[in-house]
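*Asks:* Take a look at model.tsv, TSV, C-alpha atoms:
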```tsv
chain	number	residue	atom	x	y	z
A	16	MET	CA	21.80	18.29	49.69
A	17	THR	CA	20.16	14.91	49.37
A	18	ASN	CA	16.92	16.57	48.37
A	19	SER	CA	18.40	18.74	45.63
A	20	ASN	CA	20.28	15.70	44.31
A	21	ASP	CA	16.96	13.82	44.04
A	22	VAL	CA	15.42	16.62	42.01
A	23	GLN	CA	18.39	16.69	39.68
A	24	ARG	CA	18.13	12.98	39.13
A	25	ARG	CA	14.46	13.34	38.28
A	26	ASP	CA	15.21	16.12	35.85
A	27	PHE	CA	17.91	13.98	34.26
A	28	VAL	CA	15.46	11.11	33.79
A	29	LYS	CA	12.91	13.49	32.30
A	30	ILE	CA	15.42	14.90	29.83
A	31	VAL	CA	16.62	11.44	28.80
A	32	LEU	CA	13.03	10.25	28.37
A	33	ALA	CA	12.12	13.32	26.30
A	34	PHE	CA	15.24	12.81	24.17
A	35	LEU	CA	14.65	9.10	23.58
A	36	GLY	CA	10.95	9.72	23.04
A	37	THR	CA	11.71	12.27	20.35
A	38	ILE	CA	14.07	9.87	18.58
A	39	MET	CA	11.56	7.03	18.74
A	40	GLY	CA	8.78	9.31	17.53
A	41	ALA	CA	10.92	10.43	14.61
A	42	VAL	CA	11.97	6.87	13.71
A	43	ILE	CA	8.31	5.83	13.53
A	44	GLY	CA	6.77	9.11	12.37
A	45	ILE	CA	9.09	10.09	9.53
A	46	PRO	CA	8.77	6.81	7.56
A	47	ALA	CA	5.00	6.77	8.15
A	48	ILE	CA	4.45	10.31	6.88
A	49	SER	CA	6.96	9.96	4.02
A	50	TYR	CA	5.16	6.80	2.93
A	51	LEU	CA	1.84	8.62	2.67
A	52	LEU	CA	3.19	11.79	1.05
A	53	SER	CA	5.65	10.07	-1.32
A	54	PRO	CA	3.56	10.13	-4.55
A	55	ALA	CA	2.88	13.84	-4.12
A	56	THR	CA	6.60	14.61	-4.20
A	57	LYS	CA	7.09	13.22	-7.71
A	58	VAL	CA	6.28	15.53	-10.60
A	59	GLN	CA	6.37	14.03	-14.08
A	60	SER	CA	7.79	16.08	-16.89
A	61	LYS	CA	5.04	17.08	-19.32
A	62	GLU	CA	7.41	18.12	-22.11
A	63	ALA	CA	10.10	16.45	-24.18
A	64	TRP	CA	12.11	16.83	-27.35
A	65	ILE	CA	10.94	14.04	-29.65
A	66	PRO	CA	13.42	12.97	-32.37
A	67	ALA	CA	11.59	12.76	-35.70
A	68	GLY	CA	14.48	11.37	-37.75
A	69	PRO	CA	16.67	12.97	-40.44
A	70	MET	CA	15.27	15.98	-42.27
A	71	GLU	CA	15.75	14.20	-45.64
A	72	ASN	CA	13.00	11.75	-44.69
A	73	TYR	CA	10.42	14.47	-45.23
A	74	PRO	CA	9.63	15.71	-48.76
A	75	ILE	CA	9.79	19.44	-49.48
A	76	GLY	CA	6.37	21.00	-50.01
A	77	THR	CA	4.11	18.15	-48.88
A	78	PRO	CA	3.03	17.93	-45.21
A	79	THR	CA	3.92	14.47	-43.92
A	80	LEU	CA	2.40	12.85	-40.85
A	81	PHE	CA	4.79	11.89	-38.06
A	82	SER	CA	3.30	9.74	-35.29
A	83	TYR	CA	4.77	9.20	-31.87
A	84	THR	CA	3.65	7.90	-28.48
A	85	ARG	CA	4.19	9.16	-24.96
A	86	SER	CA	3.85	7.02	-21.81
A	87	THR	CA	2.96	8.24	-18.36
A	88	ILE	CA	3.41	6.04	-15.32
A	89	ASN	CA	1.25	6.67	-12.28
A	90	GLY	CA	2.13	4.21	-9.55
A	91	TRP	CA	1.46	0.76	-11.01
A	92	GLU	CA	-0.42	2.02	-14.05
A	93	LYS	CA	1.16	2.90	-17.39
A	94	THR	CA	-0.81	4.91	-19.93
A	95	THR	CA	0.36	5.34	-23.51
A	96	ASN	CA	-1.05	8.09	-25.70
A	97	SER	CA	-0.54	8.54	-29.44
A	98	PHE	CA	0.15	11.90	-31.01
A	99	GLY	CA	0.43	13.03	-34.61
A	100	ALA	CA	2.30	15.94	-36.12
A	101	TYR	CA	2.45	17.22	-39.71
A	102	ILE	CA	5.97	18.07	-40.75
A	103	VAL	CA	6.09	20.72	-43.48
A	104	ARG	CA	9.34	21.63	-45.21
A	105	SER	CA	9.09	24.75	-47.32
A	106	ASN	CA	12.74	24.53	-48.49
A	107	ALA	CA	15.96	22.73	-47.59
A	108	THR	CA	16.34	24.38	-44.18
A	109	ASP	CA	12.96	25.72	-43.06
A	110	VAL	CA	10.57	23.36	-41.33
A	111	LYS	CA	7.28	23.78	-39.55
A	112	VAL	CA	5.51	21.17	-37.47
A	113	PHE	CA	1.80	21.28	-36.77
A	114	SER	CA	-0.21	19.20	-34.35
A	115	ASN	CA	-2.87	17.18	-36.17
A	116	MET	CA	-5.30	17.92	-33.37
A	117	CYS	CA	-8.13	20.17	-34.50
A	118	THR	CA	-8.43	23.23	-32.26
A	119	HIS	CA	-12.22	22.89	-32.28
A	120	LEU	CA	-12.92	19.59	-30.50
A	121	SER	CA	-9.60	17.73	-30.77
A	122	CYS	CA	-10.47	15.47	-33.72
A	123	ARG	CA	-7.54	14.53	-35.94
A	124	VAL	CA	-7.13	16.55	-39.13
A	125	ASN	CA	-5.88	15.01	-42.41
A	126	TRP	CA	-3.83	16.62	-45.15
A	127	LYS	CA	-5.61	16.54	-48.51
A	128	ASN	CA	-3.14	16.99	-51.37
A	129	GLU	CA	-5.84	17.73	-53.98
A	130	LEU	CA	-7.18	20.66	-51.86
A	131	SER	CA	-3.82	21.66	-50.34
A	132	GLU	CA	-5.62	21.89	-47.02
A	133	TYR	CA	-5.98	20.05	-43.74
A	134	ILE	CA	-9.55	18.79	-43.34
A	135	CYS	CA	-11.12	17.92	-40.03
A	136	PRO	CA	-13.62	15.06	-40.56
A	137	CYS	CA	-15.79	15.99	-37.59
A	138	HIS	CA	-17.16	19.40	-38.53
A	139	ASP	CA	-15.60	19.99	-41.93
A	140	ALA	CA	-13.01	22.49	-40.76
A	141	HIS	CA	-10.34	23.55	-43.22
A	142	PHE	CA	-6.81	24.75	-42.45
A	143	ASP	CA	-4.29	25.94	-45.02
A	144	VAL	CA	-0.70	24.67	-45.27
A	145	GLU	CA	0.36	27.26	-42.66
A	146	GLY	CA	-2.23	25.89	-40.22
A	147	LYS	CA	-4.56	28.90	-40.46
A	148	VAL	CA	-8.31	28.35	-40.36
A	149	THR	CA	-9.90	28.86	-43.78
A	150	ALA	CA	-13.34	27.42	-43.06
A	151	GLY	CA	-15.36	25.86	-40.26
A	152	PRO	CA	-15.74	26.36	-36.51
A	153	PRO	CA	-12.16	26.13	-35.08
A	154	PRO	CA	-11.30	29.13	-32.88
A	155	ALA	CA	-7.53	29.03	-33.47
A	156	PRO	CA	-4.95	27.87	-36.01
A	157	LEU	CA	-3.32	24.45	-35.68
A	158	TYR	CA	-0.79	24.29	-32.86
A	159	ALA	CA	2.74	24.80	-34.16
A	160	TYR	CA	5.44	22.84	-32.36
A	161	GLU	CA	8.80	24.32	-31.49
A	162	THR	CA	11.47	22.58	-33.56
A	163	LYS	CA	15.22	22.27	-33.72
A	164	VAL	CA	17.67	20.46	-35.94
A	165	GLU	CA	20.74	18.84	-34.46
A	166	GLU	CA	23.24	16.99	-36.70
A	167	GLY	CA	20.62	16.71	-39.41
A	168	VAL	CA	18.01	15.20	-37.10
A	169	LEU	CA	14.75	17.03	-36.59
A	170	TYR	CA	13.43	17.37	-33.03
A	171	VAL	CA	9.85	18.29	-32.13
A	172	HIS	CA	9.15	19.92	-28.78
A	173	HIS	CA	6.24	18.03	-27.28
A	174	VAL	CA	4.27	19.92	-24.63
A	175	GLU	CA	1.21	18.47	-22.91
A	176	GLY	CA	-1.77	20.28	-21.52
B	26	MET	CA	-3.10	23.54	35.29
B	27	THR	CA	-2.30	20.30	33.47
B	28	ASP	CA	-2.97	18.39	36.68
B	29	ARG	CA	-6.35	20.06	37.06
B	30	VAL	CA	-7.31	19.25	33.45
B	31	LEU	CA	-6.19	15.65	33.89
B	32	SER	CA	-8.03	15.22	37.17
B	33	TRP	CA	-11.16	16.79	35.60
B	34	ILE	CA	-10.99	14.22	32.78
B	35	ASP	CA	-10.11	11.37	35.16
B	36	GLU	CA	-13.04	12.19	37.42
B	37	ARG	CA	-15.37	11.66	34.48
B	38	LEU	CA	-13.67	8.80	32.64
B	39	GLY	CA	-12.17	6.87	35.56
B	40	LEU	CA	-8.90	6.30	33.67
B	41	THR	CA	-6.90	5.82	36.86
B	42	SER	CA	-9.06	2.94	38.01
B	43	ILE	CA	-8.83	1.34	34.55
B	44	TYR	CA	-5.07	1.77	34.71
B	45	ASN	CA	-4.93	0.26	38.19
B	46	ILE	CA	-7.05	-2.73	37.22
B	47	VAL	CA	-5.14	-3.42	34.00
B	48	PHE	CA	-1.55	-2.63	34.95
B	49	ASP	CA	-1.38	-2.64	38.75
B	50	ARG	CA	-3.07	-6.00	39.26
B	51	LYS	CA	-1.31	-8.55	41.44
B	52	VAL	CA	0.64	-11.23	39.60
B	53	PRO	CA	2.56	-14.20	40.98
B	54	LYS	CA	6.32	-14.33	40.52
B	55	VAL	CA	6.68	-15.49	36.95
B	56	ASN	CA	9.36	-15.73	34.24
B	57	TRP	CA	9.97	-14.54	30.67
B	58	TRP	CA	7.70	-17.19	29.16
B	59	PHE	CA	4.80	-15.18	30.59
B	60	THR	CA	5.58	-12.21	28.31
B	61	LEU	CA	4.55	-14.00	25.11
B	62	GLY	CA	0.91	-12.92	25.35
B	63	SER	CA	1.92	-9.26	25.54
B	64	ALA	CA	4.45	-9.83	22.76
B	65	THR	CA	1.70	-11.27	20.58
B	66	LEU	CA	-0.60	-8.34	21.36
B	67	PHE	CA	2.18	-5.95	20.40
B	68	LEU	CA	2.75	-7.85	17.14
B	69	PHE	CA	-0.98	-7.72	16.38
B	70	LEU	CA	-0.93	-3.94	16.78
B	71	ILE	CA	2.16	-3.69	14.54
B	72	GLN	CA	0.46	-5.87	11.91
B	73	THR	CA	-2.70	-3.78	12.11
B	74	ILE	CA	-0.87	-0.47	11.63
B	75	THR	CA	1.46	-1.65	8.86
B	76	GLY	CA	-1.47	-3.48	7.22
B	77	ILE	CA	-3.56	-0.30	7.18
B	78	PHE	CA	-0.64	1.53	5.59
B	79	LEU	CA	-0.21	-1.18	2.93
B	80	THR	CA	-3.84	-0.83	1.82
B	81	VAL	CA	-3.05	2.74	0.76
B	82	TYR	CA	-1.27	1.37	-2.35
B	83	TYR	CA	-2.16	-2.32	-2.63
B	84	VAL	CA	-4.80	-3.30	-5.19
B	85	PRO	CA	-6.46	-6.75	-4.80
B	86	SER	CA	-6.88	-7.41	-8.50
B	87	PRO	CA	-4.90	-9.85	-10.70
B	88	ASP	CA	-4.14	-6.96	-13.07
B	89	HIS	CA	-2.52	-4.79	-10.46
B	90	ALA	CA	-1.72	-6.78	-7.27
B	91	TYR	CA	1.84	-7.70	-8.27
B	92	ASP	CA	2.63	-4.32	-9.82
B	93	SER	CA	1.19	-2.41	-6.89
B	94	ILE	CA	3.49	-4.33	-4.53
B	95	GLN	CA	6.45	-3.63	-6.81
B	96	TYR	CA	5.45	0.02	-6.53
B	97	ILE	CA	5.29	-0.20	-2.74
B	98	MET	CA	8.75	-1.80	-2.67
B	99	ASN	CA	10.50	0.48	-5.17
B	100	GLY	CA	8.38	3.55	-5.78
B	101	VAL	CA	7.11	4.67	-2.39
B	102	ALA	CA	9.32	6.14	0.32
B	103	PHE	CA	9.82	3.56	3.11
B	104	GLY	CA	7.39	1.17	1.39
B	105	TRP	CA	10.04	-1.56	1.68
B	106	LEU	CA	10.18	-0.92	5.43
B	107	ILE	CA	6.44	-1.08	6.02
B	108	ARG	CA	5.97	-4.18	3.88
B	109	GLY	CA	9.08	-5.74	5.44
B	110	ILE	CA	7.73	-5.24	8.95
B	111	HIS	CA	4.35	-6.68	7.89
B	112	HIS	CA	6.04	-9.66	6.22
B	113	TRP	CA	8.36	-10.57	9.10
B	114	GLY	CA	5.87	-9.57	11.77
B	115	ALA	CA	3.43	-12.10	10.31
B	116	SER	CA	5.87	-14.99	10.75
B	117	LEU	CA	6.87	-13.75	14.17
B	118	MET	CA	3.24	-13.50	15.28
B	119	VAL	CA	2.49	-17.12	14.31
B	120	LEU	CA	5.62	-18.13	16.19
B	121	SER	CA	4.83	-16.13	19.34
B	122	VAL	CA	1.19	-17.28	19.37
B	123	PHE	CA	2.34	-20.88	19.11
B	124	ILE	CA	5.00	-20.65	21.85
B	125	HIS	CA	2.46	-18.78	24.01
B	126	MET	CA	0.11	-21.73	23.58
B	127	LEU	CA	2.87	-24.25	24.38
B	128	ARG	CA	3.70	-22.36	27.59
B	129	THR	CA	0.04	-22.36	28.62
B	130	PHE	CA	-0.21	-26.07	27.86
B	131	TYR	CA	2.98	-27.23	29.59
B	132	MET	CA	2.31	-25.13	32.70
B	133	GLY	CA	-1.27	-26.35	32.88
B	134	ALA	CA	-2.53	-22.77	32.83
B	135	TYR	CA	-5.60	-23.77	30.80
B	136	LYS	CA	-7.22	-25.55	33.78
B	137	PHE	CA	-10.08	-24.30	35.98
B	138	PRO	CA	-11.00	-21.46	36.14
B	139	ARG	CA	-9.26	-20.47	32.90
B	140	GLU	CA	-10.92	-22.82	30.37
B	141	MET	CA	-12.61	-19.93	28.55
B	142	THR	CA	-9.30	-18.12	28.20
B	143	TRP	CA	-7.89	-21.27	26.59
B	144	LEU	CA	-10.87	-21.68	24.27
B	145	THR	CA	-10.74	-18.09	23.01
B	146	GLY	CA	-6.99	-18.60	22.63
B	147	VAL	CA	-7.58	-21.64	20.41
B	148	VAL	CA	-9.81	-19.58	18.11
B	149	LEU	CA	-7.18	-16.80	18.14
B	150	LEU	CA	-4.51	-19.31	17.09
B	151	LEU	CA	-6.68	-20.55	14.22
B	152	ALA	CA	-7.53	-16.98	13.16
B	153	THR	CA	-3.83	-16.06	13.19
B	154	ILE	CA	-3.03	-19.04	10.97
B	155	GLY	CA	-5.95	-17.96	8.76
B	156	MET	CA	-4.37	-14.53	8.51
B	157	GLY	CA	-1.16	-16.19	7.37
B	158	PHE	CA	-2.97	-18.33	4.79
B	159	THR	CA	-5.03	-15.47	3.29
B	160	GLY	CA	-2.15	-12.98	3.41
B	161	TYR	CA	0.15	-15.36	1.55
B	162	LEU	CA	-1.91	-15.09	-1.66
B	163	LEU	CA	-1.98	-11.29	-1.79
B	164	PRO	CA	1.46	-10.69	-3.43
B	165	TRP	CA	0.02	-12.64	-6.42
B	166	ASN	CA	3.37	-14.06	-7.49
B	167	GLN	CA	4.08	-17.65	-8.51
B	168	ARG	CA	4.72	-18.80	-4.96
B	169	ALA	CA	1.52	-17.18	-3.69
B	170	TYR	CA	-0.56	-18.57	-6.55
B	171	TRP	CA	0.64	-22.16	-6.27
B	172	ALA	CA	0.68	-22.20	-2.47
B	173	THR	CA	-2.98	-21.22	-2.49
B	174	THR	CA	-3.71	-23.71	-5.27
B	175	VAL	CA	-2.26	-26.48	-3.11
B	176	GLY	CA	-3.81	-25.14	0.10
B	177	THR	CA	-7.31	-25.00	-1.32
B	178	GLU	CA	-6.85	-28.41	-2.96
B	179	ILE	CA	-6.02	-29.87	0.45
B	180	ALA	CA	-9.37	-28.54	1.69
B	181	GLY	CA	-10.90	-30.25	-1.35
B	182	THR	CA	-9.72	-33.70	-0.23
B	183	ALA	CA	-12.18	-33.75	2.71
B	184	PRO	CA	-14.79	-36.48	2.19
B	185	LEU	CA	-18.23	-35.57	0.78
B	186	ILE	CA	-18.11	-31.80	1.30
B	187	GLY	CA	-14.46	-31.30	0.26
B	188	GLY	CA	-15.23	-30.10	-3.25
B	189	PHE	CA	-17.79	-27.66	-1.95
B	190	ILE	CA	-15.35	-26.24	0.63
B	191	GLU	CA	-12.72	-25.84	-2.06
B	192	ARG	CA	-15.17	-23.90	-4.25
B	193	ILE	CA	-16.14	-21.71	-1.27
B	194	LEU	CA	-12.48	-20.90	-0.59
B	195	ARG	CA	-11.79	-20.16	-4.24
B	196	GLY	CA	-15.08	-18.49	-5.02
B	197	GLY	CA	-15.59	-20.92	-7.92
B	198	SER	CA	-13.80	-23.88	-9.45
B	199	ASP	CA	-10.66	-21.97	-10.39
B	200	LEU	CA	-8.25	-19.83	-8.46
B	201	SER	CA	-9.17	-16.47	-9.94
B	202	ALA	CA	-9.75	-12.77	-9.39
B	203	VAL	CA	-12.65	-13.78	-7.14
B	204	THR	CA	-10.26	-15.79	-4.95
B	205	LEU	CA	-7.87	-12.86	-4.61
B	206	ALA	CA	-10.68	-10.45	-3.74
B	207	ARG	CA	-12.22	-12.69	-1.09
B	208	PHE	CA	-8.84	-13.58	0.44
B	209	PHE	CA	-8.12	-9.86	0.66
B	210	SER	CA	-11.49	-9.13	2.25
B	211	VAL	CA	-11.13	-11.93	4.77
B	212	HIS	CA	-7.54	-10.86	5.45
B	213	ILE	CA	-8.31	-7.21	6.19
B	214	TRP	CA	-11.87	-7.41	7.63
B	215	PHE	CA	-13.21	-10.76	8.78
B	216	PHE	CA	-10.15	-12.14	10.55
B	217	PRO	CA	-8.89	-8.86	12.08
B	218	ALA	CA	-12.38	-8.09	13.43
B	219	THR	CA	-12.63	-11.58	14.91
B	220	ILE	CA	-9.15	-11.36	16.39
B	221	ALA	CA	-9.76	-7.90	17.90
B	222	LEU	CA	-13.01	-9.08	19.52
B	223	LEU	CA	-11.46	-12.26	20.88
B	224	ILE	CA	-8.39	-10.44	22.18
B	225	GLY	CA	-10.80	-8.24	24.14
B	226	ILE	CA	-12.50	-11.28	25.71
B	227	HIS	CA	-9.13	-13.02	26.22
B	228	LEU	CA	-7.67	-10.00	28.06
B	229	TYR	CA	-10.84	-9.46	30.10
B	230	LEU	CA	-10.57	-13.05	31.29
B	231	VAL	CA	-6.86	-12.70	32.06
B	232	ILE	CA	-7.60	-9.63	34.20
B	233	ARG	CA	-10.71	-11.12	35.82
B	234	MET	CA	-9.11	-14.45	36.68
B	235	GLY	CA	-5.53	-13.35	37.22
B	236	ILE	CA	-2.71	-15.45	35.79
B	237	SER	CA	-1.61	-18.80	37.14
B	238	SER	CA	1.74	-19.11	38.89
B	239	VAL	CA	4.61	-21.26	37.69
B	240	PRO	CA	3.74	-24.85	38.71
B	241	LYS	CA	5.88	-26.21	41.52
B	242	ASP	CA	7.19	-29.74	41.97
B	243	GLY	CA	4.26	-31.99	42.90
B	244	ASP	CA	1.57	-29.67	41.49
```
What does the file become when written as structure tokens?

*Replies:*
Amino acid sequence: MTNSNDVQRRDFVKIVLAFLGTIMGAVIGIPAISYLLSPATKVQSKEAWIPAGPMENYPIGTPTLFSYTRSTINGWEKTTNSFGAYIVRSNATDVKVFSNMCTHLSCRVNWKNELSEYICPCHDAHFDVEGKVTAGPPPAPLYAYETKVEEGVLYVHHVEG
Amino acid sequence: MTDRVLSWIDERLGLTSIYNIVFDRKVPKVNWWFTLGSATLFLFLIQTITGIFLTVYYVPSPDHAYDSIQYIMNGVAFGWLIRGIHHWGASLMVLSVFIHMLRTFYMGAYKFPREMTWLTGVVLLLATIGMGFTGYLLPWNQRAYWATTVGTEIAGTAPLIGGFIERILRGGSDLSAVTLARFFSVHIWFFPATIALLIGIHLYLVIRMGISSVPKDGD
């Protein structure tokens, strides 16, 4: 009997040691691994509804430039990027919003009233008021933002990438 | 099976004899004051591990040092814990090193044949204080900046070569980005390497010489 009691005691010590060892390993290991993996668990939203102000601010017929900025924070570094969108109202209710980024090489296009076209200064690309390519190298029309109007305020759906 | 693998490894590496020499050596009957060396060694290991983890996010540049620590404290999971352990462990290590030295001094443990152990210990004490001094600047907040301004100015008051020493510490006349970078470098490379090497010699001597017993009345 004495012998079997000894074995049981040893087993008990082994179990307790394994149990405490696991707890101690977890207490040290979980914070250490979480610390290293932490930045990978955060995904920043790459889209947002940008308020562009009341619809009345934008004249009917003439594309008007609306500029806004977006900030991204990576750790201790904050980066702010500027974006431009042309807001085009064809009548009291219909609105279209085009990115001012040329689809060729991402230069910024400008609306020219006298030509009724967007002109890209880099390679002389032309887009009509609907954003379609009329001349030059761009492979696609200007990007058209999704829009919505809530309580008279125009929102532009910004999507990155 | 496990036993056979272990004995195969042991036969080639001699781990058992290392274990016997390091842990099964004979020691006189001593008291709790004799644990301070081991406590300091443990704290050094803690500081090393937490320090390595802190370098994952810390940036030693005036533009980012403060913000990167804010990020460690608020943005990273358990960053507060790792920095907290490093912060408090630093103070505790200076304390334990100092009490360890007092114990050695009051018990006369520095005498023959342990003079070399004492001498390496003196350098270890200075290096630990150096770690405290260089680490204090790294948060790059007002307290860190002005503490280092004052600390380096004190070095500057030494006669003749004071100004030169101050410029060496600062890496120029002003406390600048250069100061932060060199304090960081000294904090994570020069001092830890020195301390690790000296701990090795210190421990070798402790094992070779054995430790002194508690002095008796009339010793």

*Asks:* Just how far from atom CA of Lys111 of chain A is atom CA of Thr79 of chain A, in Å to one decimal?

*Replies:*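 So the two atoms, atom CA of Thr79 of chain A and atom CA of Lys111 of chain A, lie 10.8 Å apart.
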
*Asks:* What residues in chain A have any atom no more than 6 Å from chain B when counting all atoms listed in the file, and can you write them as an MDAnalysis selection string?

*Replies:* chainID A and resid 46 49:50 53 91

*Asks:* Can you pull out every residue within 12 Å of Gly151 of chain A, counting all atoms listed in the file, but drop anything in the same chain fewer than 5 positions away, and send it as a list of chain:residue names?

*Replies:*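 Neighbouring residues, sequence-local ones excluded: A:Cys117, A:Thr118, A:His119, A:Leu120, A:Tyr133, A:Ile134, A:Cys135, A:Pro136, A:Cys137, A:His138, A:Asp139, A:Ala140, A:His141, A:Phe142, A:Pro156.
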
*Asks:* Could you name the residues that touch Met70 of chain A at 7 Å or less, counting only C-alpha atoms, but leaving out those on the same chain fewer than 4 positions away, as a VMD selection string?

*Replies:* chain A and resid 167 to 169

*Asks:* How many Å separate atom CA of Val203 of chain B from atom CA of Thr159 of chain B?

*Replies:* 13.0 Å

*Asks:* Atom CA of Tyr161 of chain B and atom CA of Arg108 of chain B, how far apart in Å?

*Replies:*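 Value for the atom CA of Arg108 of chain B-atom CA of Tyr161 of chain B distance: 12.8 Å.
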
*Asks:* Between B:Gly176, B:Pro138, B:Gly62, B:Pro53, which residue has the minimum interatomic distance to Ile124 of chain B, considering only C-alpha atoms?

*Replies:* B:Gly62

*Asks:* Give as a list in words each residue that has an atom at most 9 Å from (-3.7, -18.6, 37.6) in the file, counting all atoms listed in the file.

*Replies:*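 These residues have at least one counted atom within 9 Å: Val52, Pro53, Ala134, Tyr135, Lys136, Phe137, Pro138, Arg139, Val231, Met234, Gly235, Ile236, Ser237, Ser238 and Val239 of chain B.
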
*Asks:* Let me make sure I understand: among B:Met141, B:Leu151, B:Leu200, B:Leu163, which one has the smallest atom-to-atom distance to Thr177 of chain B if we use all atoms listed in the file?

*Replies:* B:Leu200

*Asks:* So, with only C-alpha atoms as the atoms that count, which of A:Trp126, A:Pro78, A:Gly40, A:Tyr83 lies closest to Thr95 of chain A?

*Replies:*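 Looking at the shortest contact to Thr95 of chain A, the residue is A:Tyr83.
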
*Asks:* Closest to Pro240 of chain B among B:Met132, B:Ile226, B:Val55, B:Val119, using all atoms listed in the file?

*Replies:*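 Using all atoms listed in the file, Pro240 of chain B sits closest to B:Met132.
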
*Asks:* Can you pull out the residues contacting segment 42-47 of chain B? Cut-off 8 Å, using all atoms listed in the file, and skip same-chain residues under 3 positions away; I want them as a ChimeraX atom specification.

*Replies:* /B:39,50,232

*Asks:* Excluding His173 of chain A and residues on its chain fewer than 3 positions from it, collect all residues at most 9 Å away from it, counting only C-alpha atoms, and give them as a list in words.

*Replies:*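 Once the nearby chain positions are removed, what remains is Lys61, Glu62, Ala63, Trp64, Ile65, Tyr160 and Glu161 of chain A.
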
*Asks:* For segment 81-97 of chain B, I'd like the enclosing box, axis-aligned and padded by 3 Å on every side, reported as AutoDock Vina command-line options with centre and edge lengths in Å to one decimal.

*Replies:*
```
--center_x -0.2 --center_y -3.6 --center_z -6.2 --size_x 19.3 --size_y 18.6 --size_z 19.8
```
